[in-house]
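Source file start.cif; content: mmCIF, C-alpha atoms and all ligand atoms.
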```cif
data_final
#
loop_
_atom_site.label_atom_id
_atom_site.label_comp_id
_atom_site.auth_asym_id
_atom_site.auth_seq_id
_atom_site.Cartn_x
_atom_site.Cartn_y
_atom_site.Cartn_z
CA MET A 1 198.86 92.31 166.34
CA LEU A 2 196.59 89.77 167.94
CA ALA A 3 193.45 89.18 165.98
CA MET A 4 190.89 91.59 167.35
CA SER A 5 187.36 90.37 166.89
CA ARG A 6 184.36 92.63 167.14
CA HIS A 7 183.89 91.21 170.61
CA ASN A 8 187.37 92.38 171.64
CA LYS A 9 186.78 95.85 170.19
CA LEU A 10 183.53 96.23 172.14
CA PHE A 11 185.34 94.92 175.19
CA HIS A 12 188.00 97.62 174.87
CA GLN A 13 185.32 100.27 174.59
CA LEU A 14 183.64 98.93 177.72
CA LYS A 15 186.97 98.97 179.56
CA LYS A 16 187.43 102.62 178.61
CA GLY A 17 184.07 103.30 180.24
CA LYS A 18 182.19 103.90 176.95
CA ASN A 19 178.52 103.12 177.04
CA ILE A 20 177.46 100.49 174.51
CA PRO A 21 173.75 100.22 173.78
CA LEU A 22 172.28 96.79 174.49
CA THR A 23 170.95 96.60 170.94
CA CYS A 24 174.54 96.62 169.77
CA ILE A 25 175.28 93.57 171.90
CA TYR A 26 172.12 91.80 170.75
CA ASN A 27 172.83 92.50 167.08
CA MET A 28 176.23 90.83 167.17
CA ALA A 29 176.30 87.82 164.91
CA SER A 30 174.90 85.02 167.01
CA HIS A 31 176.07 81.48 166.51
CA GLN A 32 175.70 78.14 168.22
CA SER A 33 177.68 77.81 171.38
CA GLN A 34 181.03 76.15 170.90
CA PHE A 35 180.95 75.57 174.65
CA THR A 36 178.05 73.15 174.37
CA GLU A 37 178.38 71.80 170.78
CA TYR A 38 181.52 69.95 169.79
CA LYS A 39 182.92 70.20 166.28
CA ASP A 40 185.85 68.58 164.52
CA LEU A 41 187.30 71.23 162.25
CA ILE A 42 188.59 74.75 162.85
CA GLN A 43 186.51 77.24 160.86
CA GLU A 44 186.51 80.94 160.05
CA GLY A 45 184.74 82.86 162.86
CA ASP A 46 185.33 80.18 165.53
CA LEU A 47 186.45 81.07 168.99
CA ALA A 48 189.60 78.97 169.44
CA LEU A 49 191.90 78.61 172.42
CA ILE A 50 195.56 78.62 171.51
CA TRP A 51 197.70 76.60 173.86
CA ILE A 52 201.18 78.11 173.90
CA SER A 53 202.39 76.47 177.08
CA ARG A 54 200.99 75.25 180.39
CA GLY A 55 199.40 78.33 181.95
CA ASN A 56 199.56 80.35 178.74
CA ILE A 57 196.39 79.87 176.73
CA LYS A 58 194.98 82.65 174.58
CA ALA A 59 191.49 83.03 173.13
CA VAL A 60 191.29 84.18 169.49
CA THR A 61 188.57 84.49 166.90
CA ILE A 62 189.71 82.71 163.76
CA ASP A 63 189.98 85.13 160.84
CA ALA A 64 191.79 84.11 157.64
CA LYS A 65 193.23 87.61 157.30
CA GLU A 66 194.78 87.62 160.78
CA SER A 67 197.79 86.06 162.45
CA PHE A 68 198.56 85.01 165.99
CA ASN A 69 201.80 86.51 167.28
CA THR A 70 204.04 84.94 169.89
CA ARG A 71 207.61 85.70 170.95
CA TYR A 72 208.69 82.73 168.80
CA GLY A 73 207.02 83.95 165.63
CA THR A 74 203.77 84.47 163.75
CA PHE A 75 201.10 81.81 163.19
CA PRO A 76 198.71 82.78 160.34
CA HIS A 77 195.10 81.80 161.10
CA LYS A 78 194.72 80.50 157.53
CA ASP A 79 197.15 77.67 158.44
CA MET A 80 194.72 76.63 161.17
CA ILE A 81 191.47 76.75 159.15
CA GLY A 82 190.34 73.30 158.02
CA LYS A 83 192.59 71.47 160.50
CA GLN A 84 191.20 69.30 163.28
CA TYR A 85 190.76 70.85 166.70
CA GLY A 86 193.71 69.73 168.82
CA SER A 87 196.13 70.08 165.87
CA GLN A 88 199.65 71.23 166.36
CA ILE A 89 200.55 74.20 164.15
CA ALA A 90 204.29 74.59 163.53
CA ILE A 91 206.33 77.44 162.08
CA ARG A 92 210.04 78.09 161.59
CA THR A 93 211.25 80.51 164.26
CA ARG A 94 212.78 83.82 163.33
CA GLY A 95 216.55 83.77 163.13
CA THR A 96 217.30 80.23 164.33
CA GLY A 97 215.21 78.39 161.73
CA ARG A 98 214.09 75.93 164.43
CA PHE A 99 210.47 74.88 164.80
CA ALA A 100 208.00 76.54 167.17
CA PHE A 101 204.49 75.24 167.66
CA VAL A 102 201.14 75.88 169.31
CA HIS A 103 198.04 73.72 169.67
CA VAL A 104 194.61 74.99 168.62
CA LEU A 105 191.94 73.79 171.02
CA GLN A 106 188.18 73.94 171.06
CA PRO A 107 186.83 75.99 173.96
CA THR A 108 185.55 74.12 176.99
CA PRO A 109 184.51 75.65 180.32
CA GLU A 110 187.66 74.19 181.90
CA LEU A 111 190.01 75.76 179.32
CA TRP A 112 188.03 79.02 179.40
CA THR A 113 188.61 79.20 183.17
CA LEU A 114 192.35 79.02 182.48
CA SER A 115 192.33 81.64 179.73
CA LEU A 116 189.52 84.10 180.49
CA PRO A 117 190.11 87.81 181.13
CA HIS A 118 190.01 88.20 184.93
CA ARG A 119 187.70 90.92 186.15
CA THR A 120 187.37 89.38 189.62
CA GLN A 121 188.56 86.39 191.61
CA ILE A 122 187.17 83.32 189.90
CA VAL A 123 186.02 79.81 190.77
CA TYR A 124 188.40 77.16 189.38
CA THR A 125 187.51 73.72 188.07
CA PRO A 126 188.41 71.70 191.23
CA ASP A 127 185.77 73.72 193.12
CA SER A 128 183.18 74.12 190.36
CA SER A 129 183.17 70.43 189.46
CA TYR A 130 182.76 69.43 193.12
CA VAL A 131 179.99 71.97 193.70
CA MET A 132 178.06 70.80 190.64
CA GLN A 133 178.20 67.15 191.59
CA ARG A 134 177.30 67.94 195.24
CA MET A 135 174.25 69.90 194.06
CA ASN A 136 173.32 67.07 191.65
CA CYS A 137 173.42 69.42 188.65
CA GLY A 138 172.11 67.86 185.48
CA PRO A 139 169.96 68.64 182.45
CA HIS A 140 166.89 69.39 184.61
CA THR A 141 168.60 71.70 187.10
CA ARG A 142 167.65 75.37 187.23
CA VAL A 143 170.43 77.39 188.81
CA LEU A 144 170.61 80.84 190.41
CA GLU A 145 174.16 82.24 190.54
CA ALA A 146 175.32 85.49 192.19
CA GLY A 147 177.59 87.24 191.42
CA THR A 148 178.54 86.51 187.87
CA GLY A 149 182.02 88.05 188.29
CA SER A 150 184.24 86.92 185.40
CA GLY A 151 181.76 84.27 184.30
CA SER A 152 184.10 81.36 185.02
CA PHE A 153 181.57 79.23 186.88
CA SER A 154 178.73 80.46 184.62
CA HIS A 155 180.35 78.67 181.64
CA ALA A 156 180.57 75.41 183.58
CA PHE A 157 176.95 75.65 184.75
CA ALA A 158 175.78 76.57 181.25
CA ARG A 159 177.17 73.37 179.75
CA THR A 160 175.43 71.13 182.27
CA VAL A 161 172.15 72.60 183.46
CA GLU A 162 168.73 73.35 181.99
CA LYS A 163 168.76 77.03 182.88
CA LEU A 164 171.18 79.46 184.52
CA PHE A 165 170.00 82.78 185.98
CA THR A 166 173.09 84.74 186.90
CA TYR A 167 173.16 88.13 188.69
CA GLU A 168 175.81 90.83 188.88
CA PHE A 169 175.48 94.24 190.55
CA HIS A 170 178.55 95.91 189.03
CA PRO A 171 177.30 97.60 185.82
CA VAL A 172 180.55 97.27 183.81
CA ARG A 173 181.04 93.63 184.84
CA TYR A 174 177.41 92.98 183.94
CA GLU A 175 177.90 94.43 180.43
CA GLN A 176 181.18 92.58 179.92
CA ALA A 177 179.72 89.25 181.02
CA MET A 178 176.63 89.83 178.85
CA LEU A 179 178.86 90.51 175.84
CA GLU A 180 180.94 87.41 176.50
CA PHE A 181 177.88 85.15 176.96
CA LYS A 182 176.41 86.53 173.74
CA GLU A 183 179.66 86.00 171.84
CA HIS A 184 179.88 82.46 173.18
CA GLY A 185 176.32 81.69 172.13
CA LEU A 186 175.18 81.11 175.72
CA LEU A 187 172.42 83.74 175.85
CA ASN A 188 170.67 81.96 172.99
CA GLU A 189 170.96 78.69 174.81
CA ASN A 190 170.18 78.66 178.51
CA VAL A 191 171.77 81.65 180.25
CA THR A 192 170.04 84.80 181.53
CA ILE A 193 172.03 87.58 183.12
CA THR A 194 170.49 90.34 185.22
CA LEU A 195 171.94 93.54 186.68
CA ARG A 196 170.97 93.25 190.33
CA ASP A 197 172.08 93.63 193.92
CA VAL A 198 170.65 90.35 195.12
CA CYS A 199 171.19 91.19 198.79
CA GLU A 200 169.04 94.30 198.48
CA ASP A 201 166.54 93.31 195.80
CA GLY A 202 166.40 89.51 195.65
CA PHE A 203 166.23 87.36 192.53
CA THR A 204 162.83 87.94 190.87
CA ILE A 205 163.20 89.09 187.23
CA LYS A 206 160.44 91.43 186.04
CA LYS A 207 159.64 93.30 182.85
CA GLY A 208 161.60 96.55 182.84
CA ASP A 209 164.59 95.12 184.77
CA LYS A 210 168.02 95.43 183.23
CA THR A 211 168.34 91.84 182.07
CA SER A 212 169.05 89.69 179.02
CA ALA A 213 165.69 87.94 179.61
CA THR A 214 163.00 88.51 177.02
CA PHE A 215 159.31 88.60 177.95
CA ASP A 216 156.26 87.49 175.99
CA ASP A 217 152.96 87.90 177.83
CA GLU A 218 154.33 87.32 181.30
CA ASP A 219 155.33 90.14 183.68
CA SER A 220 158.01 88.18 185.42
CA LYS A 221 160.13 85.10 184.77
CA GLU A 222 159.32 81.83 186.44
CA LEU A 223 162.59 80.85 188.09
CA GLU A 224 161.72 77.65 190.04
CA ALA A 225 165.37 77.20 190.96
CA THR A 226 166.60 73.82 192.14
CA ALA A 227 170.20 74.88 192.85
CA VAL A 228 171.70 78.15 194.14
CA PHE A 229 175.34 79.20 194.09
CA LEU A 230 176.34 82.35 196.02
CA ASP A 231 179.86 83.75 195.51
CA LEU A 232 179.27 87.05 197.29
CA PRO A 233 180.94 88.90 200.15
CA ALA A 234 177.73 88.67 202.25
CA PRO A 235 175.68 85.64 201.11
CA TRP A 236 173.75 85.68 204.41
CA ASP A 237 171.98 88.85 203.23
CA ALA A 238 170.68 87.12 200.09
CA ILE A 239 169.43 83.87 201.67
CA HIS A 240 166.08 85.20 202.97
CA HIS A 241 165.14 86.24 199.37
CA LEU A 242 165.40 82.65 198.10
CA ASP A 243 162.05 81.30 199.32
CA LYS A 244 160.20 83.29 196.64
CA VAL A 245 162.19 81.86 193.73
CA ILE A 246 163.09 78.26 194.56
CA ALA A 247 161.07 75.19 193.55
CA GLN A 248 158.63 74.31 196.34
CA ASP A 249 158.10 70.60 195.69
CA GLN A 250 161.70 69.52 195.11
CA ILE A 251 164.84 69.35 197.23
CA VAL A 252 166.78 72.53 196.47
CA SER A 253 170.53 72.77 197.11
CA VAL A 254 172.46 75.88 198.02
CA CYS A 255 176.22 76.39 198.08
CA CYS A 256 177.93 79.51 199.45
CA PHE A 257 181.56 80.10 198.46
CA SER A 258 183.38 82.16 201.11
CA PRO A 259 187.09 82.61 201.80
CA CYS A 260 186.80 83.31 205.55
CA ILE A 261 185.50 81.13 208.34
CA GLU A 262 183.71 84.16 209.87
CA GLN A 263 181.63 84.36 206.67
CA VAL A 264 180.82 80.66 206.97
CA ASP A 265 179.62 81.26 210.52
CA LYS A 266 177.25 84.07 209.49
CA THR A 267 176.03 82.06 206.48
CA ILE A 268 175.19 79.05 208.63
CA GLU A 269 173.29 81.27 211.06
CA SER A 270 171.22 82.68 208.22
CA LEU A 271 170.63 79.25 206.62
CA GLU A 272 169.35 77.85 209.93
CA LYS A 273 167.13 80.89 210.51
CA ASN A 274 165.60 80.48 207.04
CA GLY A 275 164.81 76.78 207.41
CA TRP A 276 167.65 75.20 205.41
CA ALA A 277 168.74 71.72 206.49
CA ASN A 278 171.68 69.32 206.06
CA ILE A 279 174.17 72.15 206.51
CA GLU A 280 177.74 71.07 205.87
CA MET A 281 180.97 72.94 205.21
CA VAL A 282 183.62 71.49 202.91
CA GLU A 283 187.10 72.63 202.00
CA ILE A 284 188.71 71.42 198.79
CA GLN A 285 192.43 70.75 199.13
CA GLY A 286 194.34 70.08 195.95
CA ARG A 287 197.53 68.02 195.90
CA GLN A 288 199.49 66.29 193.21
CA TYR A 289 199.74 62.53 193.52
CA GLU A 290 202.85 61.08 191.97
CA SER A 291 203.03 57.45 190.95
CA ARG A 292 206.43 55.96 191.82
CA ARG A 293 208.14 52.57 192.15
CA GLN A 294 209.68 51.60 195.45
CA MET A 295 212.19 48.80 195.86
CA VAL A 296 210.96 45.77 197.74
CA ARG A 297 213.51 44.96 200.46
CA SER A 298 213.82 41.53 202.08
CA ILE A 299 214.71 40.53 205.62
CA GLU A 300 218.04 39.36 204.21
CA ASP A 301 218.67 42.94 202.91
CA ALA A 302 217.92 44.31 206.38
CA MET A 303 220.29 41.82 208.02
CA GLU A 304 223.00 42.63 205.53
CA ARG A 305 222.51 46.31 206.34
CA CYS A 306 222.96 45.59 210.10
CA ARG A 307 226.10 43.55 209.39
CA ASP A 308 227.43 46.40 207.27
CA ILE A 309 226.87 48.95 210.05
CA LYS A 310 228.70 46.68 212.51
CA ARG A 311 231.58 46.15 210.06
CA ARG A 312 231.94 49.91 209.44
CA LYS A 313 231.92 50.59 213.18
CA GLN A 314 234.69 48.04 213.76
CA GLU A 315 236.71 49.42 210.88
CA GLY A 316 236.32 52.91 212.35
CA ILE A 317 237.52 51.77 215.78
CA GLU A 318 240.51 49.97 214.20
CA LEU A 319 241.42 53.02 212.09
CA LYS A 320 241.23 55.29 215.13
CA ARG A 321 243.51 52.96 217.09
CA LEU A 322 246.06 52.84 214.25
CA ARG A 323 246.01 56.65 213.95
CA ILE A 324 246.64 57.13 217.69
CA GLU A 325 249.52 54.63 217.49
CA ALA A 326 250.97 56.47 214.46
CA GLU A 327 250.71 59.80 216.32
CA HIS A 328 252.66 58.32 219.23
CA LYS A 329 255.37 57.18 216.84
CA GLY A 330 255.44 60.64 215.30
CA GLU A 331 254.17 59.39 211.95
CA THR A 332 251.54 61.28 209.89
CA LYS A 333 249.91 58.08 208.50
CA PRO A 334 249.33 54.67 210.11
CA ASP A 335 251.56 51.79 208.81
CA SER A 336 248.58 49.86 207.63
CA GLU A 337 244.90 50.60 206.91
CA PRO A 338 242.11 48.11 207.75
CA THR A 339 241.50 45.62 204.96
CA PRO A 340 238.83 46.74 202.44
CA ARG A 341 235.32 45.52 203.13
CA GLU A 342 233.58 42.83 201.18
CA PRO A 343 230.86 44.02 198.73
CA PHE A 344 227.45 44.33 200.45
CA THR A 345 225.66 41.94 198.18
CA GLU A 346 226.35 40.01 195.05
CA LYS A 347 224.79 42.88 193.14
CA SER A 348 227.93 45.04 192.90
CA LYS A 349 228.13 46.77 196.26
CA PHE A 350 224.46 47.61 196.22
CA ASN A 351 223.04 48.80 199.52
CA PRO A 352 219.23 48.59 199.46
CA PHE A 353 218.94 51.25 202.19
CA GLY A 354 220.26 54.15 200.20
CA LYS A 355 224.04 54.25 200.66
CA GLY A 356 226.38 52.78 198.09
CA THR A 357 225.75 52.28 194.39
CA ARG A 358 222.66 54.07 193.03
CA VAL A 359 220.10 51.88 191.31
CA LYS A 360 217.86 53.29 188.61
CA GLU A 361 214.15 53.23 189.53
CA GLY A 362 212.59 50.20 187.84
CA ASP A 363 215.93 48.37 187.25
CA PRO A 364 214.73 44.85 186.25
CA ASN A 365 217.47 43.25 188.42
CA PHE A 366 215.51 44.22 191.52
CA LYS A 367 211.97 43.80 192.80
CA TRP A 368 209.67 46.89 192.81
CA LYS A 369 206.20 47.82 194.01
CA GLN A 370 204.04 50.70 192.78
CA VAL A 371 203.50 53.44 195.40
CA THR A 372 201.92 56.91 195.55
CA LYS A 373 203.75 59.97 196.80
CA ILE A 374 201.81 63.10 197.64
CA GLU A 375 202.95 66.69 197.71
CA SER A 376 203.29 67.87 201.30
CA GLU A 377 202.00 71.36 200.46
CA ILE A 378 198.33 72.14 199.80
CA LYS A 379 198.05 74.60 196.98
CA SER A 380 194.48 75.06 195.98
CA HIS A 381 192.51 76.31 198.97
CA THR A 382 190.41 79.18 197.68
CA SER A 383 187.29 79.16 199.79
CA TYR A 384 185.04 77.25 202.15
CA LEU A 385 181.98 75.69 200.56
CA THR A 386 178.87 75.71 202.73
CA PHE A 387 176.13 73.41 201.48
CA ALA A 388 172.51 73.06 202.59
CA THR A 389 169.23 71.78 201.22
CA LYS A 390 165.59 72.76 201.54
CA LEU A 391 162.30 71.09 200.74
CA SER A 392 159.60 73.75 201.15
CA ASP A 393 156.45 71.76 200.41
CA LYS A 394 156.55 68.58 202.47
CA SER A 395 152.91 67.60 201.82
CA ARG A 396 152.30 64.04 200.66
CA ARG A 397 151.18 63.75 197.06
CA ASP A 398 149.33 60.46 196.72
CA THR A 399 149.44 60.52 192.93
CA VAL A 400 153.25 60.47 193.04
CA VAL A 401 153.44 57.86 195.79
CA GLN A 402 151.06 55.37 194.12
C1 LIG B 501 184.27 86.70 193.27
S1 LIG B 501 183.24 87.36 192.06
C2 LIG B 501 182.41 85.97 191.39
C3 LIG B 501 183.27 85.15 190.47
C4 LIG B 501 182.53 84.09 189.73
N1 LIG B 501 181.99 83.09 190.63
C5 LIG B 501 183.43 83.44 188.69
O1 LIG B 501 183.67 82.21 188.78
O2 LIG B 501 183.89 84.13 187.79
C6 LIG B 501 182.00 88.11 192.99
C7 LIG B 501 181.09 89.00 192.17
O3 LIG B 501 179.93 89.26 192.90
C8 LIG B 501 179.51 90.56 192.62
N2 LIG B 501 178.66 90.96 193.74
C9 LIG B 501 179.04 91.28 195.00
N3 LIG B 501 177.96 91.56 195.75
C10 LIG B 501 176.86 91.40 194.97
C11 LIG B 501 175.47 91.52 195.17
N4 LIG B 501 174.99 91.88 196.35
N5 LIG B 501 174.63 91.27 194.13
C12 LIG B 501 175.12 90.89 192.94
N6 LIG B 501 176.45 90.75 192.68
C13 LIG B 501 177.31 91.01 193.69
C14 LIG B 501 180.81 91.35 192.50
O4 LIG B 501 180.63 92.53 191.73
C15 LIG B 501 181.72 90.33 191.81
O5 LIG B 501 181.71 90.52 190.43
#
```

Could you render the structure from this file as structure tokens?
Amino acid sequence: MLAMSRHNKLFHQLKKGKNIPLTCIYNMASHQSQFTEYKDLIQEGDLALIWISRGNIKAVTIDAKESFNTRYGTFPHKDMIGKQYGSQIAIRTRGTGRFAFVHVLQPTPELWTLSLPHRTQIVYTPDSSYVMQRMNCGPHTRVLEAGTGSGSFSHAFARTVEKLFTYEFHPVRYEQAMLEFKEHGLLNENVTITLRDVCEDGFTIKKGDKTSATFDDEDSKELEATAVFLDLPAPWDAIHHLDKVIAQDQIVSVCCFSPCIEQVDKTIESLEKNGWANIEMVEIQGRQYESRRQMVRSIEDAMERCRDIKRRKQEGIELKRLRIEAEHKGETKPDSEPTPREPFTEKSKFNPFGKGTRVKEGDPNFKWKQVTKIESEIKSHTSYLTFATKLSDKSRRDTVVQ
């Protein structure tokens, strides 16, 4: 059995549609976020990501009494405790007695994106990293995100920005994301999640709303957002609500993530109508670049190749003539075959244009240059990214200018 933390148990209950009181979520043992604080050693209670193979990473809560099961065998958590994050843990496999191993990794937003439980489509790192740098996200950025979905992008924002206000209108997804953020120590840090249809009701967070925000004397939260990320089916319906909640005296960036060009069209229309500027649409296309060595060929090689073609042609003509003659004489084979050709070059019949003896890439007997080969297929298109900026208060402030 996989180790089942309290988090996982609550998660299962949520999946079965059971109502879990918020107090229960809040009372869960809170700890510092492993997503923002790095540590060296694996400890009891840690959230660890177990790398089994590329594309197979599992999240577990380390518990000395539990084990991590794979098809190759069982890895007791107690063998992991006290080891450095990144360590390889090996066991003897059942039956064969050979070794099987996993690596225990510290959670990062990038690894979480690869291992999280999918409740929706998610934003992957090639997009999220580009969006964050385009919107100049840093330790002073205050971000509005809708919808939260599976919380993939929320984890990346949470590591970088001052404050993240994320909104989700699906009640079960809201509860699940809230639970996950709490478990990952993000609610204590800089993340607020609110149950909200942002297209209908905008972004303002008030006392009495269903939200993880806590209130002291104030009736509503001051959002003062400087960046907005909308991953919604109809972002154009949310844009007119932004004026109330974005910073007035700073350049605010917005990015809308939409899979269809028709959505981009409607979004741009709404951005223009609501006074957003510098509108630009970007598509991220991911390709693998492979570093290879290519043989450097000289003019002499090319000439030798031409001579070789000519020689082969003449040999072919001669052979054909001999065969016709043999046929006339009623023989099956010609009396004589053309004399064998000379080797192409001194380097043992090597033909630098592909035919003949194969040469291993990098063979020190030949000259090579480093080249890049790209995959012809584009794999990672997920959505179009529409960016825009807005500066609401354009008045000159002499104190700042002086
Ligand atoms: C594609 S998912 C977002 C995935 C997220 N960006 C991630 O990386 O995990 C879109 C989410 O938006 C939510 N949503 C759709 N319309 C909404 C609205 N008007 N207000 C708030 N959330 C909404 C959906 O319930 C869904 O969970």

- Item | Shell around Val143 in chain A at 10 Å using only C-alpha atoms, local window under 6 positions removed, as a ChimeraX atom specification | /A:135,137,154,157-158,161-166,191,223-229,246,252-254

- Message: Can you pull out every residue with an atom within 10 Å of ligand LIG 501 (chain B)? Use only C-alpha atoms and all ligand atoms and format it as a VMD selection string.
- Response: chain A and resid 113 116 to 125 127 to 128 145 to 156 166 to 174 177 194 to 203 229 to 235 237 to 238 257 to 259

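Shortest atom-to-atom contact with Thr389 in chain A among A:Ser298, A:Asn136, A:Ser376, A:Gln370: A:Asn136, counting all atoms listed in the file.
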
- Item | Interatomic distance, CA of Lys369 in chain A to CA of Val296 in chain A (Å, one decimal) |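 That distance, rounded to one decimal, is 6.4 Å.
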
- May I ask for the distance between CA of Tyr384 in chain A and CA of Cys256 in chain A, given in Å to one decimal place? 7.9 Å

Output file request: range 98-109 of chain A, with C-alpha atoms, as a short mmCIF file (atom, residue, chain, number, x, y, z; two decimals), in the first residue's frame.
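Printed below is selection10.cif as written:
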```cif
data_model
loop_
_atom_site.label_atom_id
_atom_site.label_comp_id
_atom_site.auth_asym_id
_atom_site.auth_seq_id
_atom_site.Cartn_x
_atom_site.Cartn_y
_atom_site.Cartn_z
CA ARG A 98 18.98 -7.75 -9.15
CA PHE A 99 18.98 -4.15 -7.97
CA ALA A 100 16.08 -1.74 -8.46
CA PHE A 101 16.29 1.89 -7.48
CA VAL A 102 14.37 5.15 -7.15
CA HIS A 103 15.51 8.70 -6.44
CA VAL A 104 13.95 10.74 -3.64
CA LEU A 105 13.58 14.38 -4.66
CA GLN A 106 12.59 17.53 -2.88
CA PRO A 107 9.39 19.05 -4.27
CA THR A 108 9.73 21.98 -6.64
CA PRO A 109 6.92 23.59 -8.65
#
```
